[in-house]
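The next block is structure08.cif, given as mmCIF, C-alpha atoms.
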```
data_upload
loop_
_atom_site.label_atom_id
_atom_site.label_comp_id
_atom_site.auth_asym_id
_atom_site.auth_seq_id
_atom_site.Cartn_x
_atom_site.Cartn_y
_atom_site.Cartn_z
CA MET A 1182 60.16 -67.94 18.05
CA ALA A 1183 60.26 -66.34 14.61
CA GLU A 1184 62.47 -63.33 14.22
CA PRO A 1185 60.62 -60.07 13.40
CA LYS A 1186 60.92 -58.95 9.81
CA ASN A 1187 62.82 -55.76 9.21
CA LYS A 1188 60.72 -53.02 7.66
CA GLN A 1189 62.16 -51.45 4.55
CA LEU A 1190 62.26 -47.71 4.73
CA ARG A 1191 60.77 -45.62 1.97
CA THR A 1192 63.27 -44.51 -0.62
CA ILE A 1193 63.73 -40.72 -0.63
CA ALA A 1194 64.39 -39.24 -4.03
CA PRO A 1195 67.11 -36.61 -4.34
CA PRO A 1196 65.85 -33.02 -4.04
CA PHE A 1197 65.67 -30.75 -7.08
CA VAL A 1198 64.78 -27.14 -7.87
CA ALA A 1199 61.60 -26.76 -9.90
CA LEU A 1200 61.46 -24.48 -12.93
CA GLY A 1201 59.79 -21.11 -12.64
CA PRO A 1202 56.44 -20.27 -14.29
CA SER A 1203 56.55 -20.37 -18.08
CA GLY A 1204 53.54 -18.10 -18.56
CA VAL A 1205 51.63 -15.22 -16.99
CA ALA A 1206 47.88 -14.50 -17.04
CA ILE A 1207 46.25 -11.37 -15.61
CA ARG A 1208 42.62 -10.33 -15.66
CA ASP A 1209 40.52 -7.19 -15.35
CA ARG A 1210 36.81 -6.49 -15.50
CA LEU A 1211 35.30 -4.65 -18.46
CA LYS A 1212 33.21 -2.05 -16.64
CA HIS A 1213 30.72 0.51 -17.95
CA LEU A 1214 30.01 -1.32 -21.20
CA SER A 1215 27.21 0.24 -23.23
CA PRO A 1216 24.28 -1.90 -24.44
CA LYS A 1217 25.74 -1.72 -27.96
CA ASP A 1218 29.12 -2.91 -26.67
CA GLU A 1219 27.53 -5.97 -25.09
CA LYS A 1220 25.51 -6.63 -28.23
CA VAL A 1221 28.63 -6.51 -30.41
CA LEU A 1222 30.55 -8.81 -28.05
CA ARG A 1223 27.69 -11.32 -28.07
CA LEU A 1224 27.36 -11.28 -31.85
CA VAL A 1225 31.11 -11.67 -32.38
CA GLY A 1226 31.31 -14.45 -29.80
CA GLU A 1227 28.37 -16.33 -31.30
CA HIS A 1228 29.67 -16.02 -34.87
CA GLN A 1229 33.19 -17.12 -34.02
CA GLY A 1230 31.86 -19.82 -31.68
CA ARG A 1231 29.95 -21.39 -34.57
CA LEU A 1232 33.11 -21.35 -36.67
CA ALA A 1233 35.08 -22.94 -33.83
CA SER A 1234 32.47 -25.68 -33.41
CA ALA A 1235 32.48 -26.48 -37.12
CA ASP A 1236 36.28 -26.53 -37.21
CA LEU A 1237 36.48 -28.82 -34.18
CA LYS A 1238 33.97 -31.18 -35.79
CA ALA A 1239 36.03 -31.30 -38.99
CA ARG A 1240 39.23 -31.94 -37.05
CA CYS A 1241 37.70 -34.76 -35.00
CA GLU A 1242 36.23 -36.41 -38.11
CA ALA A 1243 39.68 -36.40 -39.75
CA GLY A 1244 41.19 -38.24 -36.80
CA GLN A 1245 44.75 -39.33 -37.47
CA ASP A 1246 44.36 -38.75 -41.23
CA HIS A 1247 45.24 -35.10 -40.80
CA GLY A 1248 48.24 -33.09 -41.90
CA ASN A 1249 49.36 -29.65 -42.93
CA ASP A 1250 47.33 -29.79 -46.15
CA ALA A 1251 44.14 -30.57 -44.25
CA TRP A 1252 44.89 -27.75 -41.80
CA ALA A 1253 45.39 -25.30 -44.68
CA THR A 1254 42.10 -26.43 -46.22
CA ARG A 1255 40.23 -25.82 -42.98
CA LYS A 1256 41.72 -22.34 -42.65
CA ARG A 1257 40.91 -21.48 -46.26
CA GLU A 1258 37.26 -22.51 -45.87
CA LEU A 1259 36.81 -20.55 -42.65
CA THR A 1260 38.58 -17.42 -43.88
CA GLU A 1261 35.67 -16.74 -46.24
CA LYS A 1262 33.40 -16.32 -43.19
CA SER A 1263 35.79 -14.30 -41.03
CA SER A 1264 39.37 -12.99 -41.28
CA SER A 1265 42.68 -14.81 -41.60
CA ARG A 1266 43.90 -13.79 -38.13
CA ILE A 1267 40.72 -14.86 -36.35
CA VAL A 1268 40.66 -18.13 -38.28
CA GLY A 1269 44.29 -18.73 -37.36
CA ALA A 1270 43.40 -18.40 -33.66
CA ILE A 1271 40.40 -20.73 -34.09
CA THR A 1272 42.32 -23.49 -35.87
CA LYS A 1273 45.16 -23.28 -33.37
CA ALA A 1274 42.70 -23.58 -30.48
CA THR A 1275 41.12 -26.58 -32.22
CA HIS A 1276 44.53 -28.20 -32.65
CA ASP A 1277 45.36 -27.67 -28.96
CA ARG A 1278 41.97 -29.02 -27.87
CA TYR A 1279 42.35 -32.15 -29.98
CA GLY A 1280 45.88 -32.73 -28.68
CA LEU A 1281 44.72 -32.31 -25.08
CA ALA A 1282 41.92 -34.80 -25.64
CA ARG A 1283 44.42 -37.32 -27.02
CA ARG A 1284 46.72 -36.90 -24.03
CA CYS A 1285 43.78 -37.31 -21.64
CA LEU A 1286 42.73 -40.46 -23.46
CA LEU A 1287 46.23 -41.90 -23.11
CA ALA A 1288 46.25 -41.05 -19.39
CA HIS A 1289 42.84 -42.72 -19.06
CA ILE A 1290 44.17 -45.87 -20.72
CA ARG A 1291 47.12 -45.99 -18.35
CA ASP A 1292 44.84 -45.54 -15.33
CA LEU A 1293 42.63 -48.39 -16.52
CA GLU A 1294 45.66 -50.63 -17.06
CA ALA A 1295 46.93 -49.87 -13.55
CA GLY A 1296 43.53 -50.62 -12.03
CA ILE A 1297 43.21 -53.88 -13.94
CA ARG A 1298 46.67 -55.01 -12.83
CA THR A 1299 45.78 -54.34 -9.20
CA LEU A 1300 42.41 -56.10 -9.45
CA ARG A 1301 43.94 -59.15 -11.07
CA HIS A 1302 46.61 -59.32 -8.39
CA ARG A 1303 44.19 -59.04 -5.49
CA LEU A 1304 41.73 -61.51 -7.04
CA SER A 1305 44.55 -64.06 -7.37
CA LEU A 1306 45.26 -63.98 -3.62
CA PRO A 1307 43.40 -66.01 -0.97
CA ILE A 1308 40.47 -64.38 0.80
CA GLY A 1309 41.70 -62.36 3.79
CA ASP A 1310 45.35 -62.45 2.76
CA LYS A 1311 47.18 -59.51 4.32
CA GLY A 1312 49.15 -57.21 2.09
CA SER A 1313 52.23 -55.13 2.73
CA ARG A 1314 53.28 -51.54 2.29
CA ARG A 1315 54.42 -52.34 -1.23
CA ALA A 1316 51.59 -54.58 -2.44
CA PRO A 1317 47.89 -54.83 -1.50
CA GLY A 1318 46.48 -58.04 -0.07
CA GLY A 1319 43.46 -60.15 -0.91
CA TYR A 1320 39.86 -59.11 -0.43
CA ARG A 1321 38.20 -59.44 2.95
CA SER A 1322 35.18 -61.56 1.98
CA ARG A 1323 33.76 -63.65 -0.83
CA GLY A 1324 31.13 -60.98 -1.48
CA GLU A 1325 33.77 -58.31 -2.01
CA TRP A 1326 35.75 -60.74 -4.19
CA PHE A 1327 32.67 -61.29 -6.37
CA HIS A 1328 31.90 -57.58 -6.79
CA LYS A 1329 35.53 -56.83 -7.66
CA SER A 1330 35.53 -59.61 -10.26
CA ARG A 1331 32.52 -57.92 -11.89
CA ARG A 1332 34.33 -54.59 -11.76
CA LEU A 1333 37.34 -56.18 -13.45
CA ALA A 1334 35.13 -57.22 -16.35
CA CYS A 1335 33.76 -53.67 -16.62
CA LEU A 1336 37.23 -52.12 -16.62
CA GLU A 1337 38.47 -54.56 -19.25
CA ASP A 1338 35.55 -53.58 -21.48
CA ARG A 1339 36.28 -49.86 -20.95
CA LEU A 1340 39.95 -50.44 -21.71
CA GLU A 1341 39.18 -52.21 -24.98
CA ARG A 1342 36.92 -49.34 -26.11
CA ALA A 1343 39.50 -46.74 -25.07
CA ARG A 1344 42.24 -48.54 -26.99
CA GLU A 1345 40.02 -48.71 -30.06
CA ASP A 1346 39.44 -44.93 -29.80
CA TRP A 1347 43.19 -44.41 -29.51
CA ARG A 1348 43.94 -46.50 -32.58
CA SER A 1349 41.27 -44.79 -34.68
CA GLY A 1350 42.11 -41.27 -33.48
CA ARG A 1351 38.63 -40.69 -32.06
CA VAL A 1352 38.29 -38.22 -29.21
CA ARG A 1353 35.35 -37.13 -27.06
CA VAL A 1354 35.29 -33.35 -26.75
CA VAL A 1355 32.45 -31.09 -25.64
CA ARG A 1356 32.67 -27.39 -26.44
CA GLY A 1357 31.19 -25.73 -23.39
CA GLY A 1358 32.16 -28.45 -20.94
CA ARG A 1359 30.85 -31.95 -20.30
CA LYS A 1360 29.75 -31.08 -16.78
CA LEU A 1361 27.53 -28.23 -17.98
CA LEU A 1362 26.14 -30.45 -20.73
CA LYS A 1363 25.14 -33.13 -18.22
CA ASN A 1364 23.51 -30.50 -16.00
CA ARG A 1365 20.90 -30.06 -18.73
CA HIS A 1366 19.52 -33.52 -17.92
CA ASN A 1367 19.22 -32.77 -14.19
CA LEU A 1368 18.45 -29.08 -13.76
CA ALA A 1369 16.95 -29.53 -10.29
CA ALA A 1370 20.16 -30.98 -8.85
CA ALA A 1371 22.18 -28.20 -10.54
CA GLN A 1372 19.74 -25.59 -9.13
CA LEU A 1373 19.24 -24.07 -12.57
CA THR A 1374 16.24 -23.21 -14.70
CA GLU A 1375 16.26 -24.10 -18.38
CA LEU A 1376 16.78 -20.42 -19.29
CA GLN A 1377 19.69 -20.04 -16.87
CA TRP A 1378 21.31 -23.18 -18.21
CA ARG A 1379 20.83 -22.03 -21.81
CA ARG A 1380 22.53 -18.71 -21.12
CA ARG A 1381 25.52 -20.40 -19.49
CA TRP A 1382 25.74 -22.98 -22.28
CA GLU A 1383 25.71 -20.39 -25.06
CA ALA A 1384 28.24 -18.13 -23.32
CA SER A 1385 30.62 -21.05 -22.71
CA ARG A 1386 30.63 -21.85 -26.45
CA TRP A 1387 31.49 -18.34 -27.63
CA PHE A 1388 34.94 -17.68 -29.03
CA LEU A 1389 36.37 -14.27 -28.14
CA ALA A 1390 40.12 -14.84 -28.07
CA ALA A 1391 43.17 -13.91 -30.10
CA ASP A 1392 46.79 -15.02 -29.94
CA GLY A 1393 49.43 -12.33 -29.91
CA GLU A 1394 52.15 -11.78 -32.49
CA SER A 1395 55.48 -10.13 -31.80
CA GLY A 1396 56.36 -7.28 -34.12
CA LYS A 1397 52.76 -6.23 -34.66
CA ARG A 1398 51.35 -3.06 -33.19
CA LEU A 1399 50.80 -3.46 -29.44
CA GLY A 1400 51.47 -7.19 -29.75
CA ASN A 1401 48.05 -8.19 -31.09
CA GLU A 1402 46.20 -7.23 -34.28
CA THR A 1403 42.82 -8.81 -33.50
CA ILE A 1404 42.18 -7.65 -29.93
CA ARG A 1405 44.24 -4.53 -29.33
CA ILE A 1406 44.71 -2.72 -26.02
CA THR A 1407 46.59 0.55 -25.85
CA CYS A 1408 48.77 1.59 -22.93
CA ASP A 1409 45.96 3.78 -21.56
CA GLY A 1410 43.54 0.82 -21.55
CA GLU A 1411 41.50 1.38 -24.72
CA VAL A 1412 40.15 -1.93 -26.06
CA SER A 1413 39.36 -2.45 -29.75
CA ILE A 1414 38.34 -5.59 -31.62
CA LYS A 1415 38.83 -6.53 -35.27
CA LEU A 1416 35.36 -7.58 -36.41
CA PRO A 1417 34.85 -10.62 -38.64
CA ALA A 1418 33.82 -9.93 -42.23
CA PRO A 1419 30.01 -10.50 -41.81
CA LEU A 1420 29.89 -8.02 -38.88
CA THR A 1421 31.98 -5.14 -40.25
CA ASP A 1422 28.85 -2.97 -40.53
CA LEU A 1423 28.93 -2.71 -36.71
CA ALA A 1424 32.38 -1.06 -36.72
CA ASN A 1425 32.76 2.35 -35.08
CA ALA A 1426 36.43 2.86 -36.00
CA ARG A 1427 38.64 2.56 -39.08
CA HIS A 1428 39.64 -0.72 -40.73
CA GLY A 1429 36.60 -2.64 -39.47
CA ARG A 1430 37.38 -2.26 -35.78
CA TYR A 1431 35.06 -1.72 -32.85
CA VAL A 1432 36.25 0.30 -29.84
CA LEU A 1433 34.66 -0.52 -26.49
CA ALA A 1434 33.58 2.20 -24.09
CA SER A 1435 35.26 0.35 -21.22
CA ARG A 1436 38.94 0.74 -20.36
CA VAL A 1437 41.09 -1.79 -18.56
CA ALA A 1438 43.80 -1.24 -15.97
CA PHE A 1439 45.66 -4.33 -14.80
CA ALA A 1440 46.45 -3.95 -11.11
CA HIS A 1441 48.52 -7.15 -10.99
CA ARG A 1442 51.67 -7.17 -13.16
CA GLY A 1443 50.39 -4.10 -14.95
CA GLN A 1444 53.86 -2.67 -15.51
CA GLU A 1445 55.11 -5.94 -16.97
CA TRP A 1446 52.17 -5.96 -19.37
CA ALA A 1447 52.76 -2.32 -20.33
CA ASP A 1448 56.41 -3.04 -21.11
CA ARG A 1449 55.40 -5.83 -23.48
CA VAL A 1450 52.83 -3.64 -25.20
CA ASP A 1451 55.33 -0.78 -25.62
CA GLY A 1452 57.81 -3.21 -27.14
CA ASN A 1453 55.19 -4.70 -29.51
CA ARG A 1454 55.73 -8.15 -28.03
CA ALA A 1455 53.07 -10.84 -28.28
CA VAL A 1456 50.18 -10.72 -25.80
CA ALA A 1457 47.17 -13.03 -26.08
CA TYR A 1458 43.74 -11.80 -25.00
CA ARG A 1459 40.49 -13.53 -24.11
CA ILE A 1460 37.11 -11.94 -23.37
CA HIS A 1461 34.42 -13.91 -21.57
CA LEU A 1462 31.10 -13.34 -19.83
CA ASP A 1463 30.43 -14.56 -16.31
CA VAL A 1464 26.71 -15.24 -16.75
CA GLN A 1465 26.08 -15.84 -13.05
CA ARG A 1466 27.45 -12.40 -12.10
CA GLY A 1467 26.54 -10.65 -15.33
CA ARG A 1468 30.09 -9.32 -15.73
CA TRP A 1469 32.50 -9.22 -18.67
CA TYR A 1470 36.19 -9.94 -18.10
CA LEU A 1471 39.33 -9.61 -20.21
CA THR A 1472 42.34 -11.85 -19.63
CA ALA A 1473 45.82 -11.06 -20.95
CA SER A 1474 48.48 -13.76 -21.10
CA TRP A 1475 52.00 -14.21 -22.45
CA THR A 1476 54.87 -16.65 -22.22
CA ARG A 1477 58.16 -16.18 -20.42
CA PRO A 1478 61.56 -17.46 -21.51
CA THR A 1479 62.71 -20.51 -19.60
CA LEU A 1480 65.20 -19.44 -16.94
CA LYS A 1481 67.89 -21.61 -15.45
CA THR A 1482 67.18 -22.61 -11.87
CA VAL A 1483 69.61 -21.76 -9.11
CA PRO A 1484 71.46 -24.62 -7.37
CA LEU A 1485 69.83 -26.06 -4.28
CA GLU A 1486 72.72 -24.88 -2.08
CA THR A 1487 72.21 -21.29 -3.27
CA ALA A 1488 68.48 -21.47 -2.53
CA ARG A 1489 69.19 -22.72 1.00
CA ALA A 1490 71.82 -20.06 1.62
CA GLN A 1491 69.32 -17.31 0.77
CA GLY A 1492 66.74 -18.74 3.17
CA MET A 1493 64.19 -21.51 2.69
CA VAL A 1494 60.86 -22.58 4.15
CA GLY A 1495 60.09 -26.31 4.29
CA VAL A 1496 56.46 -27.34 3.81
CA ASP A 1497 54.84 -30.66 4.71
CA THR A 1498 51.47 -31.37 3.07
CA ASN A 1499 48.74 -33.06 5.11
CA ALA A 1500 45.10 -34.01 4.63
CA ASP A 1501 43.84 -30.77 6.21
CA HIS A 1502 46.77 -28.35 6.53
CA PHE A 1503 50.23 -27.25 5.42
CA ALA A 1504 52.93 -27.39 8.10
CA ALA A 1505 55.73 -24.90 7.39
CA TYR A 1506 59.15 -24.57 9.05
CA ARG A 1507 61.86 -21.94 8.63
CA LEU A 1508 65.03 -23.84 7.65
CA ASP A 1509 68.66 -22.97 8.11
CA ARG A 1510 71.27 -23.36 5.36
CA HIS A 1511 71.74 -27.02 6.29
CA GLY A 1512 68.02 -27.84 6.00
CA ASN A 1513 67.33 -28.03 9.74
CA PRO A 1514 64.12 -26.46 11.15
CA VAL A 1515 64.46 -23.23 13.14
CA GLY A 1516 61.80 -22.03 15.57
CA ASN A 1517 58.19 -23.19 15.83
CA PRO A 1518 56.20 -24.45 12.84
CA LYS A 1519 53.42 -22.48 11.20
CA ARG A 1520 50.13 -24.19 10.36
CA PHE A 1521 47.95 -23.22 7.37
CA SER A 1522 44.66 -25.10 7.53
CA TYR A 1523 42.19 -25.82 4.73
CA ASP A 1524 38.91 -27.70 4.43
CA LEU A 1525 38.62 -30.24 1.59
CA SER A 1526 34.92 -30.92 2.01
CA GLY A 1527 32.31 -29.64 -0.43
CA ASN A 1528 32.51 -29.30 -4.19
CA ALA A 1529 35.62 -28.88 -6.35
CA ASP A 1530 35.36 -25.07 -6.48
CA HIS A 1531 35.30 -24.87 -2.68
CA ARG A 1532 38.29 -27.21 -2.35
CA ASP A 1533 40.27 -25.25 -4.95
CA ALA A 1534 39.51 -21.98 -3.16
CA GLN A 1535 40.62 -23.46 0.16
CA ILE A 1536 43.94 -24.64 -1.31
CA ARG A 1537 44.56 -21.29 -3.05
CA HIS A 1538 43.85 -19.37 0.17
CA ALA A 1539 46.20 -21.59 2.17
CA LEU A 1540 48.95 -21.21 -0.45
CA THR A 1541 48.49 -17.43 -0.48
CA ARG A 1542 48.90 -17.24 3.29
CA LEU A 1543 51.95 -19.50 3.02
CA LEU A 1544 53.56 -17.21 0.43
CA HIS A 1545 52.89 -14.10 2.52
CA TRP A 1546 54.37 -15.74 5.62
CA THR A 1547 57.44 -16.84 3.63
CA LYS A 1548 58.06 -13.22 2.58
CA GLN A 1549 57.73 -12.08 6.18
CA THR A 1550 60.40 -14.55 7.28
CA GLY A 1551 62.80 -13.21 4.64
CA ALA A 1552 63.18 -16.57 2.89
CA HIS A 1553 63.72 -16.68 -0.88
CA ALA A 1554 62.64 -20.29 -1.59
CA ILE A 1555 60.09 -22.88 -0.54
CA GLY A 1556 60.82 -26.60 -0.28
CA ILE A 1557 57.83 -28.95 -0.56
CA GLU A 1558 57.52 -32.70 -0.68
CA ASN A 1559 56.83 -34.40 -4.01
CA LEU A 1560 53.52 -36.24 -3.53
CA ASP A 1561 54.19 -38.30 -6.69
CA PHE A 1562 50.68 -39.49 -7.53
CA ALA A 1563 51.91 -42.08 -10.02
CA ALA A 1564 49.73 -44.17 -12.32
CA ASP A 1565 49.77 -47.19 -10.01
CA LYS A 1566 48.22 -45.23 -7.14
CA THR A 1567 44.67 -45.94 -8.23
CA ARG A 1568 41.32 -46.35 -6.58
CA GLU A 1569 41.70 -50.14 -6.74
CA LYS A 1570 44.83 -50.03 -4.57
CA HIS A 1571 43.74 -47.36 -2.09
CA SER A 1572 39.95 -47.78 -2.00
CA ASN A 1573 40.02 -48.51 1.75
CA ASN A 1574 42.43 -45.69 2.57
CA LYS A 1575 40.33 -42.69 3.56
CA ARG A 1576 43.32 -40.37 3.84
CA PHE A 1577 44.40 -41.15 0.27
CA ARG A 1578 40.91 -40.37 -1.04
CA VAL A 1579 40.72 -37.05 0.83
CA THR A 1580 44.22 -35.92 -0.21
CA SER A 1581 43.89 -36.92 -3.86
CA ALA A 1582 40.52 -35.17 -4.09
CA GLY A 1583 41.96 -31.86 -3.00
CA VAL A 1584 45.33 -31.76 -4.76
#
```

Can I see the file as structure tokens?
Amino acid sequence: MAEPKNKQLRTIAPPFVALGPSGVAIRDRLKHLSPKDEKVLRLVGEHQGRLASADLKARCEAGQDHGNDAWATRKRELTEKSSSRIVGAITKATHDRYGLARRCLLAHIRDLEAGIRTLRHRLSLPIGDKGSRRAPGGYRSRGEWFHKSRRLACLEDRLERAREDWRSGRVRVVRGGRKLLKNRHNLAAAQLTELQWRRRWEASRWFLAADGESGKRLGNETIRITCDGEVSIKLPAPLTDLANARHGRYVLASRVAFAHRGQEWADRVDGNRAVAYRIHLDVQRGRWYLTASWTRPTLKTVPLETARAQGMVGVDTNADHFAAYRLDRHGNPVGNPKRFSYDLSGNADHRDAQIRHALTRLLHWTKQTGAHAIGIENLDFAADKTREKHSNNKRFRVTSAGV
């Protein structure tokens, strides 16, 4: 009789303390805007959105043949149609968007390579060969083997095209969002009329944002907010005739008051430290919003022993709930667990809302227990954990869709 094989236990990585948030973003609604205020915001957003689209096109056409001289040329050409500060924000946003697209392309290439490796491995095994916890087995039937061999050919073709884009510096970027663009071709499924889609598309392509600058008045010269909530905008050169204040500025009738982290924002404004602002229109609700954001200095994390001594809550993530335990200083659970359920069915917005609500309840419960830290498992969705390896694992598909 053959001796049973010993199962190898999963390797547990050493625990670590994650860094704190490096940035803060707060938002407030722009209420009681006059019709002229909304008209000015639309005109400014449309004008600067056209400049941003043209700049993004120029940057994508340059590809990898781009340097500081090309960046200066782009800024100089756009400054004639706006102002130097607004153009600086536009070119920086273009640079960030291009860099993000390149990183996404590289991640896509790695995902394709991982999927191809898995397909080749499983196709090389006999039909019905059982796998292990560390490696998948062969396919269950000749039909499945055939379909997966066709999929391998498709992935290899996609990989070759993606690698060619990477070598040439080509990126695929859609100002306004690819999802909204595709909705135009299937308005019935998106439950939109052509007019509704057009309004959303145009609003998503506006550019009403400005990066802050430390040392300048109130931390931002383009979009300025005083401590009492007065909002003023530096108009671009072609729209200065709409100004209702000195130096080509337009003051909105609405005032903002940040309920969340308002004092922290006020301290930065009083100290003339950089604060970035973004104004956008929620077309579906017909509401204007203003978002303020700034960066925080990177703080050193406390040792794990210190975090445990001050009280910690351990959290286990599952397909439909968080399971939380109060831990003692040695990491042992104390008392009964607390369950925070969520539903990962429906669209992405619903899943995101469910996760946010569960996390909010978890944070509130942690404060009630008096704990100062939360310990959570590292799910570690590495590049090799692809659809090809886990296509038959329903739990993997549900968890990866919601996280």

Worksheet item: Written as an MDAnalysis selection string, what is the full residue list that the PyMOL selection byres ((chain A and resi 1355-1367) around 6) yields on the file shown?
Response: chainID A and resid 1354 1368:1370 1385:1386

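Distances to A:Pro1202 were evaluated for A:Asn1517, A:Thr1476, A:Thr1547, A:Ser1413 using all atoms listed in the file, and the minimum falls at A:Thr1476.
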
Worksheet entry | Å distance separating atom CA of A:Arg1321 from atom CA of A:His1289, one decimal place |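 That distance, rounded to one decimal, is 28.0 Å.
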
Worksheet item: Skipping near chain neighbours, those fewer than 5 positions away, what residues fall within 9 Å of A:Phe1388 using only C-alpha atoms, listed as JSON, numbers by chain?
Response: {"A": [1225, 1226, 1227, 1228, 1229, 1230, 1231, 1232, 1233, 1271, 1459, 1460, 1461]}

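Minimum atom-to-atom distances from A:Val1205, A:Leu1237, A:Leu1423, A:Ala1529 to A:Ala1282 were compared using all atoms listed in the file, and the lowest value belongs to A:Leu1237.
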
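The coordinates place atom CA of A:Leu1416 at 22.3 Å from atom CA of A:Thr1254.
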
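Here atom CA of A:Ile1297 stands at a distance of 19.7 Å from atom CA of A:Gly1309.
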
Worksheet entry | Option closest in space to A:Ala1440, from A:Gly1410, A:Pro1419, A:Gly1492, A:Gly1452 [counting all atoms listed in the file] | A:Gly1410

Response to the item:
Of A:Ala1539, A:Cys1335, A:Ala1424, A:Val1464, the one sitting nearest A:Trp1378 when using all atoms listed in the file is A:Val1464

Worksheet entry | Hits from the PyMOL selection byres ((chain A and resi 1432-1437) around 12), listed as a PyMOL selection string | chain A and resi 1207-1222+1403-1416+1423-1431+1438-1441+1443+1446-1447+1460+1469-1473

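Within the file as shown, the PyMOL selection byres ((chain A and resi 1400) around 10) identifies Asp1392, Gly1393, Glu1394, Ser1395, Gly1396, Lys1397, Arg1398, Leu1399, Asn1401, Glu1402, Thr1403, Ile1404, Arg1405, Ile1406, Thr1407, Arg1449, Val1450, Asp1451, Gly1452, Asn1453, Arg1454, Ala1455, Val1456 and Ala1457 of chain A.
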
Worksheet item: Pick the closest to A:Leu1293 from A:His1545, A:Arg1331, A:Arg1348, A:Arg1342: which is it, counting only C-alpha atoms?
Response: A:Arg1342

Worksheet item: Could you name the residues that touch A:Pro1196 at 10 Å or less, counting all atoms listed in the file, but leaving out those on the same chain fewer than 3 positions away, as a ChimeraX atom specification?
Response: /A:1193,1199,1485,1556-1559

Can those selected residues be exported to a file as a PDB file, keeping the file's coordinate frame so that it contains C-alpha atoms?
```pdb
ATOM      1  CA  ILE A1193      63.730 -40.720  -0.630  1.00  0.00           C
ATOM      2  CA  ALA A1199      61.600 -26.760  -9.900  1.00  0.00           C
ATOM      3  CA  LEU A1485      69.830 -26.060  -4.280  1.00  0.00           C
ATOM      4  CA  GLY A1556      60.820 -26.600  -0.280  1.00  0.00           C
ATOM      5  CA  ILE A1557      57.830 -28.950  -0.560  1.00  0.00           C
ATOM      6  CA  GLU A1558      57.520 -32.700  -0.680  1.00  0.00           C
ATOM      7  CA  ASN A1559      56.830 -34.400  -4.010  1.00  0.00           C
TER       8      ASN A1559
END
```

Worksheet entry | Shell of 10 Å around A:Ala1554, only C-alpha atoms, local chain residues under 2 positions omitted, as a PyMOL selection string | chain A and resi 1198+1485+1487-1495+1544+1547-1548+1551-1552+1556-1557

Discussion item. Residues within 10 Å of (50.0, -20.4, 2.6), file coordinates, counting all atoms listed in the file: what are they? Give the list as JSON, numbers by chain.
Written reply: {"A": [1496, 1502, 1503, 1504, 1505, 1519, 1520, 1521, 1522, 1523, 1536, 1537, 1538, 1539, 1540, 1541, 1542, 1543, 1544, 1545, 1546, 1547]}

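The neighbours of A:Arg1240 here are the residues that come within 8 Å of it, using only C-alpha atoms and leaving out any residue fewer than 4 positions away in the same chain; they are Asp1236, Gly1244, His1247, Thr1275, His1276 and Tyr1279 of chain A.
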
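With all atoms listed in the file taken into account, the protein and nucleic acid residues at most 10 Å from A:Arg1283 (excluding it and anything under 2 positions from it in its own chain) are A:Asp1277, A:Arg1278, A:Tyr1279, A:Gly1280, A:Leu1281, A:Cys1285, A:Leu1286, A:Leu1287, A:Ala1288, A:His1289, A:Asp1346, A:Trp1347, A:Gly1350, A:Arg1351, A:Val1352, A:Arg1353, A:Val1354.
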
Practice prompt. Determine the nearest neighbour of A:Thr1299 from the options A:Gly1516, A:Pro1478, A:Gly1312, A:Pro1317, counting all atoms listed in the file.
Written response: A:Pro1317

Worksheet item: So which residues fall inside 7 Å of (43.8, -57.4, -4.5) if we count only C-alpha atoms? Mind giving them as number ranges by chain?
Response: A: 1299-1304, 1306, 1317-1320
